[in-house]
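Asks: Encoded as structure tokens, here's the structure I'll be asking about.
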Amino acid sequence: MAMTKNEAICKLMPYDQLHLLHFYDKLSDSGKEQLLSQIESLDLSVLDHLNSEAEAKRGKFEPLGALTIEEIKDNEDKFREIGLNAIREGKAGCILLAGGQGSRLGFEHPKGMFNIGVNRELYIFECLFRNLMEVTEEAGSFVHLFIMTSESNDIETREFLEENKFFGYSEEYVHFFVQEMAPVIDEDKKILLTAPDAVAMSPNGNGGWFSSMNRAGLLPLLQRENIEWLNVFAVDNVLQRMADPVFLGATIDSGCTCSGKVVAKADPNERVGVLCKEDGKPSIVEYYEMTEEMITQREPDGRLSYNYGVILNYLFRTDKLMETLGKHLPLHMAHKAMAYVDENGVQQNPEKPNAYKFETLVLDMIHMQDSCLAYEVLREREFAPVKNKTGVDSVDSARELLIKNGVQL
Ligand code: UTP
């Protein structure tokens with residue numbers, strides 16, 4: 001039995017969200033039950049964030065150099081051997097972040113199910129599995145792959161991968177876990193309804209992946225299998241290299257507790273988050289947080305001081321992640337378009353952003369680490385994000401890059 005209407009009123013009133021019960025009296029019994037159980041499980045503490053100013057305060061930024069492509073090339077054999085040995089000893093695991101809604105792409109299934117092929121079927125998931133299998137074939141051993149889904153795309157994702165037999169990957173090395181959801185608010189800070197009996201919810205960002213793994217009971221598996229390093233990456237970069245042995249070897253060799261793949265900025269004003277230091281700790285400064293002085297500052301060798309943009313491919317040491325459990329990540333607000341029912345019960349499908357989602361971000365986990373290796377990769381080889389339908393970071397641009405890298409479409 002869900003909570004009663006009176007209990008729902010007591011929960012919603014302090015947060016000024018009583019409008020969620022606007023249609024309650026007209027609902028069927030099952031609709032009433034559904035709405036009340038959703039309200040019961042809502043975590044309204046995210047709304048407290050609206051009144052706090054914690055997010056805005058940043059520390060003192062300083063540049064962080066990278067291990068450059070040339071330096072990596074000079075040491076490639078050594079790094080590769082360290083990395084391959086670690087993979088063979090089972091020390092590396094992969095985390096595929098696939099819980100996002102992909103609202104910019106406007107594809108109504110999980111993004112990994114998008115067919116990026118032209119003359120043949122080539123799903124995004126397939127690209128990723130193939131890239132990973134290049135490594136596992138070279139190493140001669142599989143790597144545990146943990147896939148984060150959300151409540152809204154979990155079943156479809158599992159069914160799709162099972163039907164496609166994990167594109168040849170070993171099923172016993174694939175594990176799923178589901179991330180949490182958060183309520184979505186409008187511009188007046190009111191939680192939206194997607195139907196008279198349904199509260200608008202969205203996945204709570206990619207930053208909570210390790211605590212979601214913990215909630216799903218997966219940490220004992222990491223310990224049992226002795227997985228010392230976790231490689232976290234996004235679902236939507238079709239040129240993504242996972243469990244890259246050279247990256248892993250360089251990270252282990254560096255002694256850093258985490259690392260991130262970075263690409264040199266195409267121009268000083270490029271809109272990317274840059275790996276740097278903040279109050280002496282590794283951090284990522286967003287392009288809109290940089291002063292003009294930071295944007296144009298250069299090192300003695302002529303390179304931009306804030307030169308290395310992140311591409312959402314990070315390595316974390318598992319023991320150091322354990323220490324971060326229970327620590328709070330900052331909440332960010334993402335302005336997005338979201339369908340809803342208005343106070344007259346009429347469905348609205350806005351094209352422009354009308355709603356705010358609450359998200360934690362994986363990049364904030366970097367700042368919880370003591371040291372981070374910035375590892376430079378070639379953009380044209382490793383970064384082909386599928387964010388939009390057309391234009392920048394789109395299906396078109398990703399297809400072009402796949403072809404340039406010899407992938408038949
Ligand atoms: P994005 O920040 O691009 O978000 O995700 P998105 O939801 O996929 O797309 P838009 O912004 O609505 O168009 C970057 C990576 O983080 C994952 C995504 O699946 C993608 O791999 N992600 C994002 C999650 O796993 N969970 C989330 O809650 C958000």
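Here's how to read the names in the structure tokens: chain A, B, ... by the order shown, residue numbers from 1 in each chain, ligand numbers from 1 in the order shown.
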Can you write out as CSV which residues of chain A fall within 10 Å of ligand 1, alongside each residue's closest atom pair and its distance in Å to one decimal, counting only C-alpha atoms and all ligand atoms and ordering rows by chain and ascending residue number?

Replies:
```
residue,atom,partner,partner_atom_place_in_ligand_line,distance
A:Ile95,CA,ligand 1,25 (O),9.8
A:Leu96,CA,ligand 1,21 (O),7.1
A:Leu97,CA,ligand 1,25 (O),4.0
A:Ala98,CA,ligand 1,19 (O),3.6
A:Gly99,CA,ligand 1,25 (O),3.4
A:Gly100,CA,ligand 1,7 (O),3.4
A:Gln101,CA,ligand 1,7 (O),3.9
A:Gly102,CA,ligand 1,9 (O),3.4
A:Ser103,CA,ligand 1,12 (O),3.6
A:Arg104,CA,ligand 1,13 (O),3.6
A:Leu105,CA,ligand 1,13 (O),5.8
A:Gly106,CA,ligand 1,13 (O),7.7
A:Phe107,CA,ligand 1,13 (O),9.6
A:Pro110,CA,ligand 1,19 (O),8.3
A:Lys111,CA,ligand 1,19 (O),7.3
A:Gly112,CA,ligand 1,19 (O),8.5
A:Ile147,CA,ligand 1,25 (O),8.9
A:Met148,CA,ligand 1,25 (O),6.1
A:Thr149,CA,ligand 1,25 (O),6.4
A:Ser150,CA,ligand 1,26 (N),7.0
A:Val178,CA,ligand 1,25 (O),9.3
A:Gln179,CA,ligand 1,26 (N),7.2
A:Glu180,CA,ligand 1,28 (O),8.1
A:Met181,CA,ligand 1,28 (O),7.8
A:Ala182,CA,ligand 1,28 (O),9.2
A:Ser202,CA,ligand 1,28 (O),7.2
A:Pro203,CA,ligand 1,28 (O),4.0
A:Asn204,CA,ligand 1,28 (O),4.5
A:Gly205,CA,ligand 1,28 (O),3.0
A:Asn206,CA,ligand 1,26 (N),4.0
A:Gly207,CA,ligand 1,26 (N),7.7
A:Gly208,CA,ligand 1,26 (N),8.3
A:Trp209,CA,ligand 1,25 (O),7.7
A:Val232,CA,ligand 1,21 (O),9.5
A:Phe233,CA,ligand 1,21 (O),6.8
A:Ala234,CA,ligand 1,21 (O),3.3
A:Val235,CA,ligand 1,21 (O),3.9
A:Asp236,CA,ligand 1,21 (O),5.4
A:Asn237,CA,ligand 1,21 (O),7.9
A:Ile311,CA,ligand 1,14 (C),9.7
A:Leu312,CA,ligand 1,15 (C),7.6
A:Ala334,CA,ligand 1,11 (O),8.1
A:His335,CA,ligand 1,11 (O),9.2
A:Lys336,CA,ligand 1,12 (O),7.4
A:Ala337,CA,ligand 1,12 (O),9.0
A:Lys357,CA,ligand 1,28 (O),9.3
A:Phe358,CA,ligand 1,28 (O),8.8
A:Glu359,CA,ligand 1,28 (O),6.5
A:Thr360,CA,ligand 1,28 (O),7.9
A:Leu361,CA,ligand 1,29 (C),8.0
A:Val362,CA,ligand 1,16 (O),8.2
A:Pro385,CA,ligand 1,3 (O),8.8
A:Val386,CA,ligand 1,3 (O),8.5
A:Lys387,CA,ligand 1,13 (O),5.8
A:Asn388,CA,ligand 1,13 (O),7.1
A:Lys389,CA,ligand 1,13 (O),10.0
```

Asks: With C-alpha atoms retained, could you export that selection as a JSON list (two decimals), in the first residue's frame?

Replies:
```json
[["chain", "number", "residue", "atom", "x", "y", "z"],
["A", 95, "ILE", "CA", 31.79, 1.22, -16.92],
["A", 96, "LEU", "CA", 29.53, 2.18, -19.80],
["A", 97, "LEU", "CA", 27.38, 5.19, -18.90],
["A", 98, "ALA", "CA", 24.16, 4.56, -20.80],
["A", 99, "GLY", "CA", 21.51, 6.02, -18.50],
["A", 100, "GLY", "CA", 21.10, 9.35, -20.32],
["A", 101, "GLN", "CA", 17.95, 10.39, -22.15],
["A", 102, "GLY", "CA", 19.67, 11.62, -25.29],
["A", 103, "SER", "CA", 17.07, 14.35, -25.63],
["A", 104, "ARG", "CA", 19.14, 16.36, -28.14],
["A", 105, "LEU", "CA", 19.29, 13.41, -30.53],
["A", 106, "GLY", "CA", 15.53, 12.96, -30.23],
["A", 107, "PHE", "CA", 15.72, 9.16, -30.68],
["A", 110, "PRO", "CA", 18.37, 4.04, -25.70],
["A", 111, "LYS", "CA", 21.10, 5.90, -27.61],
["A", 112, "GLY", "CA", 23.19, 2.74, -27.96],
["A", 147, "ILE", "CA", 26.50, -1.02, -17.99],
["A", 148, "MET", "CA", 24.62, 1.77, -16.22],
["A", 149, "THR", "CA", 21.04, 2.17, -17.42],
["A", 150, "SER", "CA", 18.17, 4.22, -16.02],
["A", 178, "VAL", "CA", 20.27, 1.04, -12.74],
["A", 179, "GLN", "CA", 20.84, 4.66, -11.75],
["A", 180, "GLU", "CA", 18.44, 6.73, -9.67],
["A", 181, "MET", "CA", 15.88, 9.23, -10.98],
["A", 182, "ALA", "CA", 15.17, 12.80, -9.81],
["A", 202, "SER", "CA", 14.68, 12.03, -15.27],
["A", 203, "PRO", "CA", 17.93, 10.14, -14.65],
["A", 204, "ASN", "CA", 19.95, 12.01, -12.02],
["A", 205, "GLY", "CA", 23.11, 12.52, -14.07],
["A", 206, "ASN", "CA", 26.19, 10.41, -14.71],
["A", 207, "GLY", "CA", 28.04, 11.36, -11.51],
["A", 208, "GLY", "CA", 26.29, 8.84, -9.29],
["A", 209, "TRP", "CA", 27.55, 5.77, -11.11],
["A", 232, "VAL", "CA", 34.38, 5.09, -17.24],
["A", 233, "PHE", "CA", 33.11, 6.27, -20.61],
["A", 234, "ALA", "CA", 30.07, 7.64, -22.43],
["A", 235, "VAL", "CA", 27.81, 5.62, -24.70],
["A", 236, "ASP", "CA", 27.77, 8.23, -27.42],
["A", 237, "ASN", "CA", 31.39, 8.47, -28.58],
["A", 311, "ILE", "CA", 36.12, 13.62, -23.66],
["A", 312, "LEU", "CA", 34.43, 11.63, -20.88],
["A", 334, "ALA", "CA", 20.34, 21.08, -16.93],
["A", 335, "HIS", "CA", 17.86, 23.20, -18.93],
["A", 336, "LYS", "CA", 15.98, 20.84, -21.27],
["A", 337, "ALA", "CA", 12.75, 20.48, -23.27],
["A", 357, "LYS", "CA", 16.75, 18.40, -14.52],
["A", 358, "PHE", "CA", 18.97, 17.80, -11.49],
["A", 359, "GLU", "CA", 22.23, 16.08, -12.34],
["A", 360, "THR", "CA", 25.48, 15.08, -10.70],
["A", 361, "LEU", "CA", 28.43, 14.83, -13.11],
["A", 362, "VAL", "CA", 31.24, 12.33, -13.37],
["A", 385, "PRO", "CA", 30.32, 12.15, -30.15],
["A", 386, "VAL", "CA", 26.71, 11.65, -31.28],
["A", 387, "LYS", "CA", 24.81, 14.39, -29.46],
["A", 388, "ASN", "CA", 22.68, 16.12, -32.11],
["A", 389, "LYS", "CA", 20.75, 15.10, -35.20]]
```

Asks: Using DSSP on the backbone coordinates, identify the residues of stretch 126-311 of chain A assigned to strand (DSSP E); present them as a VMD selection string.

Replies: chain A and resid 144 to 150 174 to 179 181 to 183 185 to 186 193 to 195 198 to 199 201 to 203 229 to 234 258 to 264 274 to 278 281 to 285 308 to 311

Asks: List every residue of stretch 289-388 of chain A that has an atom at most 9 Å from any atom of stretch 196-200 of chain A, giving for each one its closest atom pair and the distance in Å to one decimal, counting only C-alpha atoms, sorted by chain and then by ascending residue number, as a tab-separated table.

Replies:
```
residue	atom	partner	partner_atom	distance
A:Met338	CA	A:Ala200	CA	8.6
A:Ala339	CA	A:Ala200	CA	8.7
A:Tyr340	CA	A:Ala200	CA	7.5
A:Val341	CA	A:Pro196	CA	7.1
A:Gly345	CA	A:Pro196	CA	6.7
```

Asks: If you keep all heavy atoms, can you produce a file of those selected residues as a PDB file, in the first residue's frame?

Replies:
```pdb
ATOM      1  N   MET A 338      10.955  19.341 -22.106  1.00  0.00           N
ATOM      2  CA  MET A 338      10.315  18.156 -21.514  1.00  0.00           C
ATOM      3  C   MET A 338       8.799  18.245 -21.669  1.00  0.00           C
ATOM      4  O   MET A 338       8.184  19.265 -21.332  1.00  0.00           O
ATOM      5  CB  MET A 338      10.689  18.121 -20.025  1.00  0.00           C
ATOM      6  CG  MET A 338       9.994  17.049 -19.250  1.00  0.00           C
ATOM      7  SD  MET A 338      11.232  15.863 -18.679  1.00  0.00           S
ATOM      8  CE  MET A 338      10.224  14.546 -18.090  1.00  0.00           C
ATOM      9  N   ALA A 339       8.176  17.176 -22.195  1.00  0.00           N
ATOM     10  CA  ALA A 339       6.714  17.139 -22.353  1.00  0.00           C
ATOM     11  C   ALA A 339       6.057  17.065 -20.969  1.00  0.00           C
ATOM     12  O   ALA A 339       6.612  16.481 -20.056  1.00  0.00           O
ATOM     13  CB  ALA A 339       6.333  15.919 -23.184  1.00  0.00           C
ATOM     14  N   TYR A 340       4.872  17.700 -20.845  1.00  0.00           N
ATOM     15  CA  TYR A 340       4.186  17.704 -19.541  1.00  0.00           C
ATOM     16  C   TYR A 340       2.693  17.944 -19.748  1.00  0.00           C
ATOM     17  O   TYR A 340       2.263  18.297 -20.850  1.00  0.00           O
ATOM     18  CB  TYR A 340       4.782  18.797 -18.629  1.00  0.00           C
ATOM     19  CG  TYR A 340       4.529  20.212 -19.110  1.00  0.00           C
ATOM     20  CD1 TYR A 340       3.529  21.003 -18.536  1.00  0.00           C
ATOM     21  CD2 TYR A 340       5.274  20.762 -20.155  1.00  0.00           C
ATOM     22  CE1 TYR A 340       3.291  22.301 -18.984  1.00  0.00           C
ATOM     23  CE2 TYR A 340       5.038  22.046 -20.608  1.00  0.00           C
ATOM     24  CZ  TYR A 340       4.053  22.817 -20.015  1.00  0.00           C
ATOM     25  OH  TYR A 340       3.815  24.090 -20.470  1.00  0.00           O
ATOM     26  N   VAL A 341       1.882  17.745 -18.690  1.00  0.00           N
ATOM     27  CA  VAL A 341       0.472  18.169 -18.761  1.00  0.00           C
ATOM     28  C   VAL A 341       0.322  19.450 -17.948  1.00  0.00           C
ATOM     29  O   VAL A 341       0.881  19.569 -16.855  1.00  0.00           O
ATOM     30  CB  VAL A 341      -0.522  17.102 -18.238  1.00  0.00           C
ATOM     31  CG1 VAL A 341      -0.602  15.906 -19.159  1.00  0.00           C
ATOM     32  CG2 VAL A 341      -0.247  16.699 -16.821  1.00  0.00           C
ATOM     33  N   GLY A 345      -4.880  19.909 -17.681  1.00  0.00           N
ATOM     34  CA  GLY A 345      -4.809  18.501 -18.090  1.00  0.00           C
ATOM     35  C   GLY A 345      -4.463  18.345 -19.560  1.00  0.00           C
ATOM     36  O   GLY A 345      -4.581  17.254 -20.115  1.00  0.00           O
TER      37      GLY A 345
END
```

Asks: Which residues come within 12 Å of A:Asn115, counting only C-alpha atoms, excluding same-chain residues fewer than 5 positions away, as a PDB file with C-alpha atoms, in the first residue's frame?

Replies:
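Final output, out01.pdb:
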```pdb
ATOM      1  CA  PHE A 107      15.725   9.158 -30.676  1.00  0.00           C
ATOM      2  CA  HIS A 109      15.124   4.390 -27.681  1.00  0.00           C
ATOM      3  CA  PRO A 110      18.365   4.043 -25.703  1.00  0.00           C
ATOM      4  CA  ARG A 120      24.297  -1.806 -43.313  1.00  0.00           C
ATOM      5  CA  GLU A 121      23.149  -1.968 -39.714  1.00  0.00           C
ATOM      6  CA  LEU A 122      25.775  -0.708 -37.276  1.00  0.00           C
ATOM      7  CA  TYR A 123      24.405   0.128 -33.854  1.00  0.00           C
ATOM      8  CA  ILE A 124      26.282   2.424 -31.487  1.00  0.00           C
ATOM      9  CA  PHE A 125      26.452  -0.411 -28.946  1.00  0.00           C
ATOM     10  CA  GLU A 126      27.999  -2.606 -31.638  1.00  0.00           C
ATOM     11  CA  CYS A 127      30.725  -0.006 -32.358  1.00  0.00           C
ATOM     12  CA  ASP A 236      27.772   8.226 -27.424  1.00  0.00           C
ATOM     13  CA  VAL A 238      31.527   5.912 -31.395  1.00  0.00           C
ATOM     14  CA  VAL A 386      26.714  11.654 -31.284  1.00  0.00           C
ATOM     15  CA  VAL A 395      25.178  11.690 -36.548  1.00  0.00           C
ATOM     16  CA  ALA A 398      30.338  10.964 -36.363  1.00  0.00           C
ATOM     17  CA  ARG A 399      29.734   9.073 -39.629  1.00  0.00           C
ATOM     18  CA  LEU A 409      29.129   2.121 -42.942  1.00  0.00           C
TER      19      LEU A 409
END
```

Asks: Taking the chain letters and numbering used in this document, name the residues of stretch 124-204 of chain A that DSSP puts in alpha helix (DSSP H), as a list in words.

Replies: Ile124, Phe125, Glu126, Cys127, Leu128, Phe129, Arg130, Asn131, Leu132, Met133, Glu134, Val135, Thr136, Glu137, Glu138, Ala139, Asp154, Ile155, Glu156, Thr157, Arg158, Glu159, Phe160, Leu161, Glu162 and Glu163 of chain A

Asks: Pick out the residues sitting within 10 Å of A:Leu363, and hand them over as a list in words; count only C-alpha atoms, and ignore anything fewer than 6 positions along from it in its own chain.

Replies: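 The residues satisfying every condition are Asn206, Gly207, Gly260, Gly273, Leu275, Ser283, Ile284, Val285, Val310, Leu312, Asn313, Tyr314 and Leu329 of chain A.
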
Asks: With N, CA, C and O atoms retained, write the just-selected residues as a PDB file, in the first residue's frame.

Replies:
```
ATOM      1  N   ASN A 206      25.256  11.549 -14.642  1.00  0.00           N
ATOM      2  CA  ASN A 206      26.186  10.410 -14.712  1.00  0.00           C
ATOM      3  C   ASN A 206      27.173  10.356 -13.542  1.00  0.00           C
ATOM      4  O   ASN A 206      27.994   9.458 -13.464  1.00  0.00           O
ATOM      5  N   GLY A 207      27.071  11.314 -12.607  1.00  0.00           N
ATOM      6  CA  GLY A 207      28.040  11.356 -11.506  1.00  0.00           C
ATOM      7  C   GLY A 207      27.819  10.306 -10.434  1.00  0.00           C
ATOM      8  O   GLY A 207      28.728   9.984  -9.678  1.00  0.00           O
ATOM      9  N   GLY A 260      42.450  11.073 -17.232  1.00  0.00           N
ATOM     10  CA  GLY A 260      41.381  11.382 -18.178  1.00  0.00           C
ATOM     11  C   GLY A 260      41.969  11.551 -19.562  1.00  0.00           C
ATOM     12  O   GLY A 260      43.055  12.131 -19.717  1.00  0.00           O
ATOM     13  N   GLY A 273      35.030  21.456 -21.443  1.00  0.00           N
ATOM     14  CA  GLY A 273      35.564  21.503 -20.092  1.00  0.00           C
ATOM     15  C   GLY A 273      37.040  21.138 -20.157  1.00  0.00           C
ATOM     16  O   GLY A 273      37.426  20.235 -20.891  1.00  0.00           O
ATOM     17  N   LEU A 275      40.697  20.080 -18.304  1.00  0.00           N
ATOM     18  CA  LEU A 275      41.321  19.476 -17.119  1.00  0.00           C
ATOM     19  C   LEU A 275      42.375  20.441 -16.587  1.00  0.00           C
ATOM     20  O   LEU A 275      43.222  20.930 -17.345  1.00  0.00           O
ATOM     21  N   SER A 283      40.875  19.028 -11.364  1.00  0.00           N
ATOM     22  CA  SER A 283      39.510  19.532 -11.510  1.00  0.00           C
ATOM     23  C   SER A 283      39.223  19.810 -12.985  1.00  0.00           C
ATOM     24  O   SER A 283      40.119  19.737 -13.825  1.00  0.00           O
ATOM     25  N   ILE A 284      37.979  20.126 -13.262  1.00  0.00           N
ATOM     26  CA  ILE A 284      37.625  20.488 -14.633  1.00  0.00           C
ATOM     27  C   ILE A 284      36.928  21.842 -14.604  1.00  0.00           C
ATOM     28  O   ILE A 284      35.980  22.040 -13.844  1.00  0.00           O
ATOM     29  N   VAL A 285      37.470  22.753 -15.395  1.00  0.00           N
ATOM     30  CA  VAL A 285      36.842  24.081 -15.462  1.00  0.00           C
ATOM     31  C   VAL A 285      36.027  24.133 -16.753  1.00  0.00           C
ATOM     32  O   VAL A 285      36.506  23.770 -17.825  1.00  0.00           O
ATOM     33  N   VAL A 310      38.273  17.608 -21.942  1.00  0.00           N
ATOM     34  CA  VAL A 310      37.954  16.226 -21.568  1.00  0.00           C
ATOM     35  C   VAL A 310      36.939  15.624 -22.553  1.00  0.00           C
ATOM     36  O   VAL A 310      36.130  16.339 -23.135  1.00  0.00           O
ATOM     37  N   LEU A 312      35.161  12.618 -21.685  1.00  0.00           N
ATOM     38  CA  LEU A 312      34.429  11.632 -20.878  1.00  0.00           C
ATOM     39  C   LEU A 312      34.955  10.206 -21.054  1.00  0.00           C
ATOM     40  O   LEU A 312      34.233   9.286 -21.460  1.00  0.00           O
ATOM     41  N   ASN A 313      36.238  10.060 -20.797  1.00  0.00           N
ATOM     42  CA  ASN A 313      36.858   8.736 -20.746  1.00  0.00           C
ATOM     43  C   ASN A 313      37.907   8.826 -19.636  1.00  0.00           C
ATOM     44  O   ASN A 313      38.950   9.456 -19.806  1.00  0.00           O
ATOM     45  N   TYR A 314      37.564   8.251 -18.482  1.00  0.00           N
ATOM     46  CA  TYR A 314      38.409   8.400 -17.297  1.00  0.00           C
ATOM     47  C   TYR A 314      38.772   7.041 -16.710  1.00  0.00           C
ATOM     48  O   TYR A 314      38.008   6.078 -16.834  1.00  0.00           O
ATOM     49  N   LEU A 329      28.254  14.862  -4.159  1.00  0.00           N
ATOM     50  CA  LEU A 329      28.700  15.558  -5.369  1.00  0.00           C
ATOM     51  C   LEU A 329      27.809  16.783  -5.554  1.00  0.00           C
ATOM     52  O   LEU A 329      26.619  16.740  -5.213  1.00  0.00           O
TER      53      LEU A 329
END
```

Asks: List as a ChimeraX atom specification the protein and nucleic acid residues near A:Ala243, meaning an atom at most 7 Å away when only C-alpha atoms are counted, but skip any in the same chain fewer than 3 places from it.

Replies: /A:94,132,231,248

Asks: Nearest to A:Val118 among A:Met333, A:Asp396, A:Lys404, A:Gly249, with distances taken over only C-alpha atoms: which residue is it?

Replies: A:Asp396

Asks: In terms of the shortest atom-to-atom distance over only C-alpha atoms, which of A:Thr291, A:Tyr356, A:Lys91, A:Leu20 is closest to A:His332?

Replies: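 For A:His332, the nearest of the candidates is A:Tyr356.
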
Asks: Enter the distance from atom CA of A:Asn85 to atom CA of A:Pro220, in Å, rounded to one decimal.

Replies: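 These two atoms are separated by 22.8 Å.
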
Asks: When you count only C-alpha atoms, which of these residues is closest to A:His19: A:Leu192, A:Leu315, A:Leu36, A:Val392?

Replies: A:Leu192

Asks: Between A:Asn405, A:Ser152, A:Ser37, A:Ser394, single out the one closest to A:Glu382, counting only C-alpha atoms.

Replies: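 That would be A:Asn405, the residue with the smallest distance to A:Glu382.
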
Asks: Let me make sure I understand: among A:Leu193, A:Ala264, A:Ala2, A:Ala355, which one has the smallest atom-to-atom distance to A:Glu343 if we use only C-alpha atoms?

Replies: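 Nearest candidate to A:Glu343 out of A:Leu193, A:Ala264, A:Ala2, A:Ala355: A:Leu193.
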